[in-house]
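> Data: model31.cif, mmCIF, C-alpha atoms, pLDDT in the B column; chains and numbers go by the auth columns.
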```cif
data_query
#
loop_
_atom_site.group_PDB
_atom_site.id
_atom_site.type_symbol
_atom_site.label_atom_id
_atom_site.label_comp_id
_atom_site.label_asym_id
_atom_site.label_seq_id
_atom_site.Cartn_x
_atom_site.Cartn_y
_atom_site.Cartn_z
_atom_site.B_iso_or_equiv
_atom_site.auth_seq_id
_atom_site.auth_asym_id
ATOM 1 C CA MET A 1 -82.019 37.517 -75.031 44.00 1 A
ATOM 2 C CA LYS A 2 -85.326 39.313 -74.607 51.00 2 A
ATOM 3 C CA LYS A 3 -86.051 41.138 -71.395 54.00 3 A
ATOM 4 C CA ASN A 4 -89.218 40.380 -69.466 57.00 4 A
ATOM 5 C CA ASN A 5 -92.072 42.795 -70.082 67.00 5 A
ATOM 6 C CA PRO A 6 -92.215 44.934 -66.906 72.00 6 A
ATOM 7 C CA VAL A 7 -96.012 45.250 -67.207 65.00 7 A
ATOM 8 C CA ILE A 8 -96.467 41.466 -67.254 70.00 8 A
ATOM 9 C CA VAL A 9 -94.034 40.989 -64.386 72.00 9 A
ATOM 10 C CA SER A 10 -95.791 43.683 -62.357 71.00 10 A
ATOM 11 C CA SER A 11 -99.221 42.151 -63.056 72.00 11 A
ATOM 12 C CA LEU A 12 -98.072 38.670 -62.056 76.00 12 A
ATOM 13 C CA SER A 13 -96.447 40.045 -58.914 78.00 13 A
ATOM 14 C CA LEU A 14 -99.644 41.865 -57.944 77.00 14 A
ATOM 15 C CA MET A 15 -101.715 38.752 -58.656 79.00 15 A
ATOM 16 C CA ALA A 16 -99.397 36.622 -56.503 86.00 16 A
ATOM 17 C CA LYS A 17 -99.684 39.109 -53.621 86.00 17 A
ATOM 18 C CA GLN A 18 -103.479 39.111 -53.913 84.00 18 A
ATOM 19 C CA ILE A 19 -103.596 35.294 -53.949 88.00 19 A
ATOM 20 C CA ILE A 20 -101.442 35.098 -50.815 91.00 20 A
ATOM 21 C CA ALA A 21 -103.544 37.787 -49.095 88.00 21 A
ATOM 22 C CA LEU A 22 -106.758 35.872 -49.858 88.00 22 A
ATOM 23 C CA CYS A 23 -105.127 32.647 -48.689 91.00 23 A
ATOM 24 C CA ARG A 24 -104.195 34.268 -45.368 91.00 24 A
ATOM 25 C CA LYS A 25 -107.746 35.598 -44.997 88.00 25 A
ATOM 26 C CA GLU A 26 -109.174 32.103 -45.452 88.00 26 A
ATOM 27 C CA TRP A 27 -106.656 30.687 -42.989 90.00 27 A
ATOM 28 C CA ARG A 28 -107.709 33.246 -40.357 89.00 28 A
ATOM 29 C CA THR A 29 -111.331 32.269 -40.933 86.00 29 A
ATOM 30 C CA CYS A 30 -110.390 28.609 -40.621 86.00 30 A
ATOM 31 C CA ILE A 31 -108.531 29.163 -37.349 87.00 31 A
ATOM 32 C CA ASP A 32 -111.510 31.046 -35.908 86.00 32 A
ATOM 33 C CA THR A 33 -113.985 28.317 -36.894 84.00 33 A
ATOM 34 C CA PRO A 34 -114.556 25.427 -34.435 89.00 34 A
ATOM 35 C CA LEU A 35 -115.782 23.214 -37.286 87.00 35 A
ATOM 36 C CA ALA A 36 -112.286 23.227 -38.800 88.00 36 A
ATOM 37 C CA TYR A 37 -110.822 21.728 -35.617 91.00 37 A
ATOM 38 C CA VAL A 38 -113.605 19.138 -35.445 93.00 38 A
ATOM 39 C CA ILE A 39 -112.962 18.063 -39.036 93.00 39 A
ATOM 40 C CA GLY A 40 -109.194 17.984 -38.471 93.00 40 A
ATOM 41 C CA ILE A 41 -109.443 15.880 -35.311 94.00 41 A
ATOM 42 C CA ALA A 42 -111.961 13.534 -36.956 95.00 42 A
ATOM 43 C CA PHE A 43 -109.618 13.104 -39.923 95.00 43 A
ATOM 44 C CA LEU A 44 -106.618 12.274 -37.752 93.00 44 A
ATOM 45 C CA VAL A 45 -108.625 9.900 -35.545 94.00 45 A
ATOM 46 C CA THR A 46 -110.063 8.100 -38.576 94.00 46 A
ATOM 47 C CA THR A 47 -106.756 7.783 -40.407 93.00 47 A
ATOM 48 C CA GLY A 48 -105.099 6.745 -37.143 90.00 48 A
ATOM 49 C CA PHE A 49 -107.676 3.986 -36.723 89.00 49 A
ATOM 50 C CA PHE A 50 -106.960 2.531 -40.167 87.00 50 A
ATOM 51 C CA PHE A 51 -103.222 2.775 -39.580 85.00 51 A
ATOM 52 C CA SER A 52 -103.401 1.017 -36.203 81.00 52 A
ATOM 53 C CA ASN A 53 -105.825 -1.542 -37.656 78.00 53 A
ATOM 54 C CA SER A 54 -103.245 -2.493 -40.274 68.00 54 A
ATOM 55 C CA LEU A 55 -100.370 -2.434 -37.795 68.00 55 A
ATOM 56 C CA PHE A 56 -101.841 -4.279 -34.806 62.00 56 A
ATOM 57 C CA LEU A 57 -104.826 -6.289 -36.052 60.00 57 A
ATOM 58 C CA VAL A 58 -103.638 -7.353 -39.497 55.00 58 A
ATOM 59 C CA ASN A 59 -100.052 -7.396 -38.203 57.00 59 A
ATOM 60 C CA GLU A 60 -98.561 -5.714 -41.289 58.00 60 A
ATOM 61 C CA ALA A 61 -95.797 -3.160 -40.805 60.00 61 A
ATOM 62 C CA ASP A 62 -96.477 -1.218 -44.002 71.00 62 A
ATOM 63 C CA MET A 63 -98.842 1.502 -45.166 81.00 63 A
ATOM 64 C CA ARG A 64 -100.151 0.099 -48.438 82.00 64 A
ATOM 65 C CA GLY A 65 -103.569 -0.596 -46.965 83.00 65 A
ATOM 66 C CA TRP A 66 -103.615 2.858 -45.367 88.00 66 A
ATOM 67 C CA PHE A 67 -102.858 4.644 -48.636 91.00 67 A
ATOM 68 C CA ALA A 68 -105.447 2.470 -50.412 90.00 68 A
ATOM 69 C CA VAL A 69 -108.285 3.606 -48.138 92.00 69 A
ATOM 70 C CA LEU A 70 -107.411 7.329 -48.203 94.00 70 A
ATOM 71 C CA PRO A 71 -109.229 8.138 -51.493 94.00 71 A
ATOM 72 C CA LEU A 72 -112.509 6.985 -49.941 93.00 72 A
ATOM 73 C CA LEU A 73 -111.930 8.792 -46.634 94.00 73 A
ATOM 74 C CA LEU A 74 -111.081 12.065 -48.383 96.00 74 A
ATOM 75 C CA ILE A 75 -114.391 11.894 -50.254 95.00 75 A
ATOM 76 C CA PHE A 76 -116.155 12.640 -46.966 95.00 76 A
ATOM 77 C CA PHE A 77 -113.669 15.078 -45.417 95.00 77 A
ATOM 78 C CA VAL A 78 -112.705 17.351 -48.329 96.00 78 A
ATOM 79 C CA PRO A 79 -116.305 18.480 -49.113 95.00 79 A
ATOM 80 C CA ALA A 80 -116.764 19.295 -45.421 94.00 80 A
ATOM 81 C CA MET A 81 -113.671 21.514 -45.503 93.00 81 A
ATOM 82 C CA ALA A 82 -114.512 23.140 -48.845 92.00 82 A
ATOM 83 C CA MET A 83 -118.266 23.723 -48.519 90.00 83 A
ATOM 84 C CA ARG A 84 -118.000 27.138 -46.819 86.00 84 A
ATOM 85 C CA PHE A 85 -115.315 28.676 -49.045 86.00 85 A
ATOM 86 C CA ILE A 86 -117.638 30.217 -51.631 86.00 86 A
ATOM 87 C CA ALA A 87 -121.141 29.150 -50.583 82.00 87 A
ATOM 88 C CA ASP A 88 -120.839 30.990 -47.274 79.00 88 A
ATOM 89 C CA GLU A 89 -119.773 34.220 -48.989 75.00 89 A
ATOM 90 C CA ARG A 90 -122.670 33.994 -51.422 73.00 90 A
ATOM 91 C CA ARG A 91 -125.139 33.404 -48.599 72.00 91 A
ATOM 92 C CA SER A 92 -123.802 36.245 -46.423 67.00 92 A
ATOM 93 C CA GLY A 93 -123.519 38.688 -49.332 64.00 93 A
ATOM 94 C CA THR A 94 -119.755 39.240 -49.035 66.00 94 A
ATOM 95 C CA PHE A 95 -119.261 37.729 -52.501 65.00 95 A
ATOM 96 C CA GLU A 96 -121.023 40.735 -54.021 62.00 96 A
ATOM 97 C CA LEU A 97 -118.632 43.024 -52.105 65.00 97 A
ATOM 98 C CA LEU A 98 -115.659 40.958 -53.283 64.00 98 A
ATOM 99 C CA ALA A 99 -116.921 41.220 -56.870 61.00 99 A
ATOM 100 C CA THR A 100 -116.699 45.019 -56.715 65.00 100 A
ATOM 101 C CA LEU A 101 -113.023 44.989 -55.715 64.00 101 A
ATOM 102 C CA PRO A 102 -110.252 45.225 -58.330 67.00 102 A
ATOM 103 C CA VAL A 103 -109.465 41.522 -57.916 72.00 103 A
ATOM 104 C CA GLY A 104 -109.828 39.066 -60.782 78.00 104 A
ATOM 105 C CA THR A 105 -112.170 36.117 -60.379 82.00 105 A
ATOM 106 C CA LEU A 106 -109.366 33.676 -61.129 87.00 106 A
ATOM 107 C CA THR A 107 -107.287 35.350 -58.409 87.00 107 A
ATOM 108 C CA VAL A 108 -110.093 34.822 -55.899 87.00 108 A
ATOM 109 C CA VAL A 109 -110.444 31.165 -56.853 90.00 109 A
ATOM 110 C CA LEU A 110 -106.694 30.550 -56.710 92.00 110 A
ATOM 111 C CA GLY A 111 -106.471 32.221 -53.300 91.00 111 A
ATOM 112 C CA LYS A 112 -109.248 30.050 -51.916 93.00 112 A
ATOM 113 C CA PHE A 113 -107.828 26.921 -53.541 95.00 113 A
ATOM 114 C CA LEU A 114 -104.370 27.632 -52.117 95.00 114 A
ATOM 115 C CA SER A 115 -105.857 28.008 -48.636 94.00 115 A
ATOM 116 C CA LEU A 116 -107.892 24.803 -48.908 95.00 116 A
ATOM 117 C CA PHE A 117 -104.978 22.846 -50.363 96.00 117 A
ATOM 118 C CA THR A 118 -102.514 24.022 -47.702 96.00 118 A
ATOM 119 C CA GLN A 119 -105.018 23.097 -44.978 95.00 119 A
ATOM 120 C CA LEU A 120 -105.247 19.607 -46.451 96.00 120 A
ATOM 121 C CA ALA A 121 -101.452 19.489 -46.760 96.00 121 A
ATOM 122 C CA VAL A 122 -101.104 20.303 -43.051 96.00 122 A
ATOM 123 C CA LEU A 123 -103.476 17.473 -42.107 95.00 123 A
ATOM 124 C CA ILE A 124 -101.663 15.060 -44.416 95.00 124 A
ATOM 125 C CA GLY A 125 -98.325 16.278 -43.049 95.00 125 A
ATOM 126 C CA LEU A 126 -99.423 15.380 -39.517 94.00 126 A
ATOM 127 C CA THR A 127 -99.870 11.768 -40.652 93.00 127 A
ATOM 128 C CA LEU A 128 -96.097 11.559 -41.238 91.00 128 A
ATOM 129 C CA LEU A 129 -96.126 10.322 -37.653 89.00 129 A
ATOM 130 C CA TYR A 130 -97.289 6.967 -39.020 87.00 130 A
ATOM 131 C CA PRO A 131 -94.268 6.176 -41.252 86.00 131 A
ATOM 132 C CA TRP A 132 -92.035 7.567 -38.514 86.00 132 A
ATOM 133 C CA THR A 133 -93.576 5.004 -36.172 81.00 133 A
ATOM 134 C CA LEU A 134 -93.010 2.219 -38.700 79.00 134 A
ATOM 135 C CA SER A 135 -89.388 3.265 -39.190 73.00 135 A
ATOM 136 C CA GLY A 136 -88.771 2.191 -35.590 70.00 136 A
ATOM 137 C CA LEU A 137 -90.025 -1.306 -36.408 68.00 137 A
ATOM 138 C CA GLY A 138 -88.068 -1.866 -39.585 64.00 138 A
ATOM 139 C CA THR A 139 -86.605 -0.340 -42.733 66.00 139 A
ATOM 140 C CA LEU A 140 -88.991 1.672 -44.893 72.00 140 A
ATOM 141 C CA ASP A 141 -88.616 2.313 -48.605 73.00 141 A
ATOM 142 C CA GLY A 142 -88.103 6.067 -48.418 75.00 142 A
ATOM 143 C CA GLY A 143 -88.509 6.591 -52.164 80.00 143 A
ATOM 144 C CA GLN A 144 -91.817 4.774 -52.367 85.00 144 A
ATOM 145 C CA MET A 145 -93.084 6.561 -49.257 88.00 145 A
ATOM 146 C CA MET A 146 -92.189 9.948 -50.749 91.00 146 A
ATOM 147 C CA VAL A 147 -93.949 9.147 -54.057 92.00 147 A
ATOM 148 C CA SER A 148 -97.004 7.868 -52.145 92.00 148 A
ATOM 149 C CA TYR A 149 -97.288 11.133 -50.202 94.00 149 A
ATOM 150 C CA ILE A 150 -96.844 13.165 -53.402 95.00 150 A
ATOM 151 C CA ALA A 151 -99.649 11.102 -54.960 95.00 151 A
ATOM 152 C CA LEU A 152 -101.815 11.725 -51.900 96.00 152 A
ATOM 153 C CA LEU A 153 -101.225 15.480 -52.096 96.00 153 A
ATOM 154 C CA LEU A 154 -102.085 15.508 -55.810 97.00 154 A
ATOM 155 C CA LEU A 155 -105.270 13.527 -55.180 97.00 155 A
ATOM 156 C CA ALA A 156 -106.209 15.840 -52.306 97.00 156 A
ATOM 157 C CA GLY A 157 -105.580 18.827 -54.591 96.00 157 A
ATOM 158 C CA SER A 158 -107.866 17.413 -57.278 97.00 158 A
ATOM 159 C CA TYR A 159 -110.563 16.729 -54.674 97.00 159 A
ATOM 160 C CA ALA A 160 -110.137 20.279 -53.350 96.00 160 A
ATOM 161 C CA ALA A 161 -110.603 21.836 -56.806 96.00 161 A
ATOM 162 C CA ILE A 162 -113.708 19.712 -57.462 96.00 162 A
ATOM 163 C CA CYS A 163 -115.279 20.626 -54.117 95.00 163 A
ATOM 164 C CA LEU A 164 -114.432 24.302 -54.560 95.00 164 A
ATOM 165 C CA TYR A 165 -116.377 24.192 -57.812 94.00 165 A
ATOM 166 C CA ALA A 166 -119.276 22.522 -55.968 94.00 166 A
ATOM 167 C CA SER A 167 -119.192 25.343 -53.409 92.00 167 A
ATOM 168 C CA ALA A 168 -119.457 27.897 -56.234 90.00 168 A
ATOM 169 C CA LEU A 169 -122.697 26.335 -57.493 90.00 169 A
ATOM 170 C CA THR A 170 -124.815 27.217 -54.468 88.00 170 A
ATOM 171 C CA GLY A 171 -125.212 29.650 -51.589 82.00 171 A
ATOM 172 C CA TYR A 172 -125.887 26.940 -49.024 88.00 172 A
ATOM 173 C CA GLU A 173 -123.089 25.054 -47.292 90.00 173 A
ATOM 174 C CA VAL A 174 -125.010 21.790 -46.827 92.00 174 A
ATOM 175 C CA ILE A 175 -125.953 21.700 -50.508 93.00 175 A
ATOM 176 C CA ALA A 176 -122.336 22.484 -51.429 93.00 176 A
ATOM 177 C CA TYR A 177 -121.262 19.511 -49.287 94.00 177 A
ATOM 178 C CA VAL A 178 -123.748 17.223 -51.046 95.00 178 A
ATOM 179 C CA PHE A 179 -122.685 18.470 -54.498 95.00 179 A
ATOM 180 C CA GLY A 180 -119.013 17.891 -53.666 95.00 180 A
ATOM 181 C CA LEU A 181 -119.711 14.471 -52.191 96.00 181 A
ATOM 182 C CA VAL A 182 -121.725 13.378 -55.244 95.00 182 A
ATOM 183 C CA LEU A 183 -119.058 14.601 -57.686 94.00 183 A
ATOM 184 C CA LEU A 184 -116.264 12.816 -55.817 95.00 184 A
ATOM 185 C CA LEU A 185 -118.289 9.621 -55.394 93.00 185 A
ATOM 186 C CA THR A 186 -119.083 9.618 -59.101 90.00 186 A
ATOM 187 C CA LEU A 187 -115.403 9.872 -60.031 88.00 187 A
ATOM 188 C CA PHE A 188 -114.522 7.234 -57.421 89.00 188 A
ATOM 189 C CA LEU A 189 -117.165 4.813 -58.682 87.00 189 A
ATOM 190 C CA LEU A 190 -115.939 5.134 -62.260 82.00 190 A
ATOM 191 C CA LEU A 191 -113.082 2.846 -61.318 81.00 191 A
ATOM 192 C CA GLN A 192 -115.295 0.438 -59.362 82.00 192 A
ATOM 193 C CA VAL A 193 -117.811 -0.136 -62.183 82.00 193 A
ATOM 194 C CA ALA A 194 -115.262 -0.109 -65.026 79.00 194 A
ATOM 195 C CA THR A 195 -114.996 -3.906 -65.045 78.00 195 A
ATOM 196 C CA LEU A 196 -118.707 -4.188 -65.915 79.00 196 A
ATOM 197 C CA PHE A 197 -118.145 -2.642 -69.362 80.00 197 A
ATOM 198 C CA PRO A 198 -116.343 -3.729 -72.551 82.00 198 A
ATOM 199 C CA PRO A 199 -112.541 -3.199 -72.647 81.00 199 A
ATOM 200 C CA PHE A 200 -112.716 0.066 -74.620 83.00 200 A
ATOM 201 C CA ILE A 201 -115.173 1.728 -72.224 84.00 201 A
ATOM 202 C CA GLN A 202 -113.289 0.213 -69.299 82.00 202 A
ATOM 203 C CA ASN A 203 -110.073 1.908 -70.448 85.00 203 A
ATOM 204 C CA VAL A 204 -111.866 5.250 -70.864 85.00 204 A
ATOM 205 C CA LEU A 205 -113.430 5.085 -67.386 84.00 205 A
ATOM 206 C CA THR A 206 -110.120 4.086 -65.821 84.00 206 A
ATOM 207 C CA THR A 207 -108.352 6.960 -67.560 85.00 207 A
ATOM 208 C CA LEU A 208 -110.947 9.462 -66.333 87.00 208 A
ATOM 209 C CA SER A 209 -110.736 8.313 -62.712 88.00 209 A
ATOM 210 C CA PRO A 210 -108.279 10.332 -60.568 92.00 210 A
ATOM 211 C CA VAL A 211 -108.145 7.396 -58.163 92.00 211 A
ATOM 212 C CA ALA A 212 -106.748 5.145 -60.915 91.00 212 A
ATOM 213 C CA HIS A 213 -103.850 7.550 -61.482 93.00 213 A
ATOM 214 C CA TYR A 214 -103.342 7.822 -57.725 94.00 214 A
ATOM 215 C CA GLN A 215 -103.155 4.034 -57.431 92.00 215 A
ATOM 216 C CA SER A 216 -100.672 3.936 -60.287 92.00 216 A
ATOM 217 C CA LEU A 217 -98.389 6.335 -58.424 92.00 217 A
ATOM 218 C CA LEU A 218 -98.595 4.179 -55.283 90.00 218 A
ATOM 219 C CA ARG A 219 -96.396 1.641 -57.052 87.00 219 A
ATOM 220 C CA GLY A 220 -93.501 3.918 -56.176 81.00 220 A
ATOM 221 C CA VAL A 221 -92.754 5.311 -59.639 83.00 221 A
ATOM 222 C CA LEU A 222 -93.419 9.003 -60.255 85.00 222 A
ATOM 223 C CA ASN A 223 -95.088 8.539 -63.649 88.00 223 A
ATOM 224 C CA LEU A 224 -95.297 11.873 -65.472 92.00 224 A
ATOM 225 C CA GLY A 225 -98.591 10.964 -67.158 92.00 225 A
ATOM 226 C CA ASP A 226 -100.334 10.345 -63.839 94.00 226 A
ATOM 227 C CA VAL A 227 -98.954 13.559 -62.328 95.00 227 A
ATOM 228 C CA VAL A 228 -100.000 15.627 -65.362 95.00 228 A
ATOM 229 C CA TYR A 229 -103.511 14.150 -65.344 95.00 229 A
ATOM 230 C CA LEU A 230 -104.085 14.986 -61.668 96.00 230 A
ATOM 231 C CA LEU A 231 -102.745 18.502 -62.270 96.00 231 A
ATOM 232 C CA MET A 232 -105.087 18.789 -65.257 96.00 232 A
ATOM 233 C CA VAL A 233 -108.059 17.858 -63.057 96.00 233 A
ATOM 234 C CA ILE A 234 -107.059 20.650 -60.684 96.00 234 A
ATOM 235 C CA GLY A 235 -106.727 23.117 -63.556 96.00 235 A
ATOM 236 C CA VAL A 236 -110.032 22.150 -65.189 96.00 236 A
ATOM 237 C CA PHE A 237 -112.109 22.511 -62.029 96.00 237 A
ATOM 238 C CA ILE A 238 -110.399 25.739 -60.986 95.00 238 A
ATOM 239 C CA SER A 239 -111.282 27.068 -64.451 94.00 239 A
ATOM 240 C CA LEU A 240 -114.889 25.858 -64.107 94.00 240 A
ATOM 241 C CA CYS A 241 -115.126 27.497 -60.693 92.00 241 A
ATOM 242 C CA SER A 242 -113.723 30.760 -62.063 90.00 242 A
ATOM 243 C CA PHE A 243 -116.136 30.638 -64.999 90.00 243 A
ATOM 244 C CA GLU A 244 -119.116 30.042 -62.688 88.00 244 A
ATOM 245 C CA LEU A 245 -118.174 32.972 -60.452 84.00 245 A
ATOM 246 C CA GLU A 246 -117.520 35.221 -63.430 82.00 246 A
ATOM 247 C CA ARG A 247 -120.921 34.321 -64.845 81.00 247 A
ATOM 248 C CA ARG A 248 -122.602 35.277 -61.590 73.00 248 A
ATOM 249 C CA ARG A 249 -120.491 38.427 -61.349 70.00 249 A
ATOM 250 C CA TRP A 250 -121.993 39.787 -64.561 67.00 250 A
ATOM 251 C CA ARG A 251 -125.591 38.680 -63.943 64.00 251 A
#
```
Spell out the structure here as structure tokens.

Amino acid sequence: MKKNNPVIVSSLSLMAKQIIALCRKEWRTCIDTPLAYVIGIAFLVTTGFFFSNSLFLVNEADMRGWFAVLPLLLIFFVPAMAMRFIADERRSGTFELLATLPVGTLTVVLGKFLSLFTQLAVLIGLTLLYPWTLSGLGTLDGGQMMVSYIALLLLAGSYAAICLYASALTGYEVIAYVFGLVLLLTLFLLLQVATLFPPFIQNVLTTLSPVAHYQSLLRGVLNLGDVVYLLMVIGVFISLCSFELERRRWR
């Protein structure tokens, strides 16, 4: 059995430490920014409204309608959370300082993505209050609920990677928000307009839509194909973001 190359292990260990350090830095910035609290409160109030609307007005003690509306809600919230991550550093000039440090571009992107994703995970984790509330009214399908939350985290991760790439395209936060919003809306609308096209094109558009794979997972079955596709979306846009920053680094 071959032993691990100590140089590779050391490099990966150093990269992991740098990613965590960058993630902590972004978290400290987030905690010190009032906008982060505004976005978080707005997210919880909005998701709470749709949950209570389903529970009290429609009189349905389940969360299928709530999970169905989340892809659209995240389209507006994720760009707002992601817009400052790279655009703000480019505008303030700290990106140029970061580019001179012995830190790989991919490491920077992964650190920022990890911070953004964990922030989204915290917000999504706070919504666990909703199924806990429903559990007092009846018996919930724990397996389906777990798969639904995994699907939501994967969708949020794909949105985060897309919006991080949008933030890398400009030095202005508002423009980064618009870019992220347009990219997410385009991917969301792929599924909505798919029925207007012939079956072959319809299948292609459905396959390309992250929301379609998210909806497939909401059935309660952890389909490997859907999980891999959402992870691929994350990987592709993290790579695009890294490529864009590397291109600017050498300009």
> Which residues, written as a list in words, have at least one atom at most 9 Å from Gly220 of chain A, with only C-alpha atoms counted and residues fewer than 2 positions away on the same chain left out?
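Residues meeting the cut-off are Gly143, Gln144, Met145, Met146, Val147, Ser148, Ser216, Leu217, Leu218, Leu222 and Asn223 of chain A.
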> With C-alpha atoms retained, export the selected residues as a PDB file, keeping the file's coordinate frame.

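Output file selection.pdb is given in full below:
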```pdb
ATOM      1  CA  GLY A 143     -88.509   6.591 -52.164  1.00 80.00           C
ATOM      2  CA  GLN A 144     -91.817   4.774 -52.367  1.00 85.00           C
ATOM      3  CA  MET A 145     -93.084   6.561 -49.257  1.00 88.00           C
ATOM      4  CA  MET A 146     -92.189   9.948 -50.749  1.00 91.00           C
ATOM      5  CA  VAL A 147     -93.949   9.147 -54.057  1.00 92.00           C
ATOM      6  CA  SER A 148     -97.004   7.868 -52.145  1.00 92.00           C
ATOM      7  CA  SER A 216    -100.672   3.936 -60.287  1.00 92.00           C
ATOM      8  CA  LEU A 217     -98.389   6.335 -58.424  1.00 92.00           C
ATOM      9  CA  LEU A 218     -98.595   4.179 -55.283  1.00 90.00           C
ATOM     10  CA  LEU A 222     -93.419   9.003 -60.255  1.00 85.00           C
ATOM     11  CA  ASN A 223     -95.088   8.539 -63.649  1.00 88.00           C
TER      12      ASN A 223
END
```
> Given the file shown, determine the residues that the PyMOL selection byres ((chain A and resi 169-172) around 8) selects; report them as a list in words.
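Matching residues under the PyMOL selection byres ((chain A and resi 169-172) around 8) are Ile86, Ala87, Asp88, Glu89, Arg90, Arg91, Tyr165, Ala166, Ser167, Ala168, Glu173, Val174, Ile175, Ala176 and Glu244 of chain A.
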> Return the single residue from A:Ile39, A:Leu72, A:Ala151, A:Val9 that is closest to Leu181 of chain A, with distances computed using all atoms listed in the file.
A:Leu72
> Between A:Val228, A:Leu22, A:Val178, A:Leu187, which one has atoms that come closest to Thr105 of chain A, using only C-alpha atoms?
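Closest candidate: A:Leu22.
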> Could you check which of A:Thr195, A:Thr47, A:Thr207, A:Asn53 is closest to Leu129 of chain A, using all atoms listed in the file?
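Using all atoms listed in the file, the shortest distance to Leu129 of chain A belongs to A:Thr47.
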> Using the chain letters and residue numbers of this document, give as a ChimeraX atom specification the residues selected by the PyMOL selection byres ((chain A and resi 233) around 9).
/A:157-159,161-162,210,228-232,234-238
> Atom CA of Phe188 of chain A to atom CA of Val211 of chain A: how many Å, to one decimal?
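One can read the atom CA of Phe188 of chain A to atom CA of Val211 of chain A distance as 6.4 Å.
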> Closest to Pro79 of chain A among A:Leu191, A:Ile19, A:Leu120, A:Leu126, using only C-alpha atoms?
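Selected residue with least distance to Pro79 of chain A: A:Leu120.
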> Can you tell me which residues surround Leu73 of chain A at a distance of at most 12 Å, considering only C-alpha atoms, apart from same-chain residues fewer than 4 positions away, and format the answer as a list of chain:residue names?
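Counting only C-alpha atoms, the residues come to A:Ala42, A:Phe43, A:Leu44, A:Val45, A:Thr46, A:Thr47, A:Gly48, A:Phe49, A:Phe50, A:Trp66, A:Phe67, A:Ala68, A:Val69, A:Phe77, A:Val78, A:Pro79, A:Ala80, A:Leu152, A:Leu155, A:Ala156, A:Tyr159, A:Leu181, A:Leu184, A:Leu185, A:Phe188.
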> Mind dumping the selected residues with C-alpha atoms as a short mmCIF file (atom, residue, chain, number, x, y, z; two decimals), keeping the file's coordinate frame?

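What follows is the written file result_14.cif:
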```
data_model
loop_
_atom_site.label_atom_id
_atom_site.label_comp_id
_atom_site.auth_asym_id
_atom_site.auth_seq_id
_atom_site.Cartn_x
_atom_site.Cartn_y
_atom_site.Cartn_z
CA ALA A 42 -111.96 13.53 -36.96
CA PHE A 43 -109.62 13.10 -39.92
CA LEU A 44 -106.62 12.27 -37.75
CA VAL A 45 -108.62 9.90 -35.54
CA THR A 46 -110.06 8.10 -38.58
CA THR A 47 -106.76 7.78 -40.41
CA GLY A 48 -105.10 6.74 -37.14
CA PHE A 49 -107.68 3.99 -36.72
CA PHE A 50 -106.96 2.53 -40.17
CA TRP A 66 -103.62 2.86 -45.37
CA PHE A 67 -102.86 4.64 -48.64
CA ALA A 68 -105.45 2.47 -50.41
CA VAL A 69 -108.28 3.61 -48.14
CA PHE A 77 -113.67 15.08 -45.42
CA VAL A 78 -112.70 17.35 -48.33
CA PRO A 79 -116.30 18.48 -49.11
CA ALA A 80 -116.76 19.30 -45.42
CA LEU A 152 -101.82 11.72 -51.90
CA LEU A 155 -105.27 13.53 -55.18
CA ALA A 156 -106.21 15.84 -52.31
CA TYR A 159 -110.56 16.73 -54.67
CA LEU A 181 -119.71 14.47 -52.19
CA LEU A 184 -116.26 12.82 -55.82
CA LEU A 185 -118.29 9.62 -55.39
CA PHE A 188 -114.52 7.23 -57.42
#
```
> Would you give the centre and edge lengths, in Å to one decimal, of a box along x, y and z around the listed atoms of segment 83-90 of chain A, with 3 Å added to each side, as AutoDock Vina command-line options?

```
--center_x -119.0 --center_y 29.0 --center_z -49.2 --size_x 13.4 --size_y 16.5 --size_z 10.8
```
> Counting all atoms listed in the file, which of A:Ile150, A:Leu240, A:Met63, A:Met15 gets nearest to Val221 of chain A?
A:Ile150
> Interatomic distance between atom CA of Gly136 of chain A and atom CA of Ala121 of chain A?
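Between atom CA of Gly136 of chain A and atom CA of Ala121 of chain A the gap is 24.2 Å.
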> Would you mind telling me which residue in A:Ile31, A:Leu14, A:Leu116, A:Ile201 lies nearest to Ala82 of chain A when using all atoms listed in the file?
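Closest to Ala82 of chain A, using all atoms listed in the file: A:Leu116.
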> Provide segment 74-80 of chain A rebuilt to N, CA and C atoms, formatted as an mmCIF file, in the coordinates of the input.

```
data_model
loop_
_atom_site.group_PDB
_atom_site.id
_atom_site.type_symbol
_atom_site.label_atom_id
_atom_site.label_comp_id
_atom_site.auth_asym_id
_atom_site.auth_seq_id
_atom_site.Cartn_x
_atom_site.Cartn_y
_atom_site.Cartn_z
ATOM 1 N N LEU A 74 -111.122 10.661 -47.967
ATOM 2 C CA LEU A 74 -111.081 12.065 -48.383
ATOM 3 C C LEU A 74 -112.375 12.504 -49.048
ATOM 4 N N ILE A 75 -113.110 11.561 -49.620
ATOM 5 C CA ILE A 75 -114.391 11.894 -50.254
ATOM 6 C C ILE A 75 -115.351 12.517 -49.245
ATOM 7 N N PHE A 76 -115.255 12.123 -47.990
ATOM 8 C CA PHE A 76 -116.155 12.640 -46.966
ATOM 9 C C PHE A 76 -115.592 13.877 -46.260
ATOM 10 N N PHE A 77 -114.271 13.971 -46.170
ATOM 11 C CA PHE A 77 -113.669 15.078 -45.417
ATOM 12 C C PHE A 77 -113.445 16.330 -46.260
ATOM 13 N N VAL A 78 -113.003 16.173 -47.510
ATOM 14 C CA VAL A 78 -112.705 17.351 -48.329
ATOM 15 C C VAL A 78 -113.946 18.209 -48.590
ATOM 16 N N PRO A 79 -115.119 17.625 -48.947
ATOM 17 C CA PRO A 79 -116.305 18.480 -49.113
ATOM 18 C C PRO A 79 -116.681 19.243 -47.846
ATOM 19 N N ALA A 80 -116.452 18.622 -46.687
ATOM 20 C CA ALA A 80 -116.764 19.295 -45.421
ATOM 21 C C ALA A 80 -115.850 20.495 -45.198
#
```
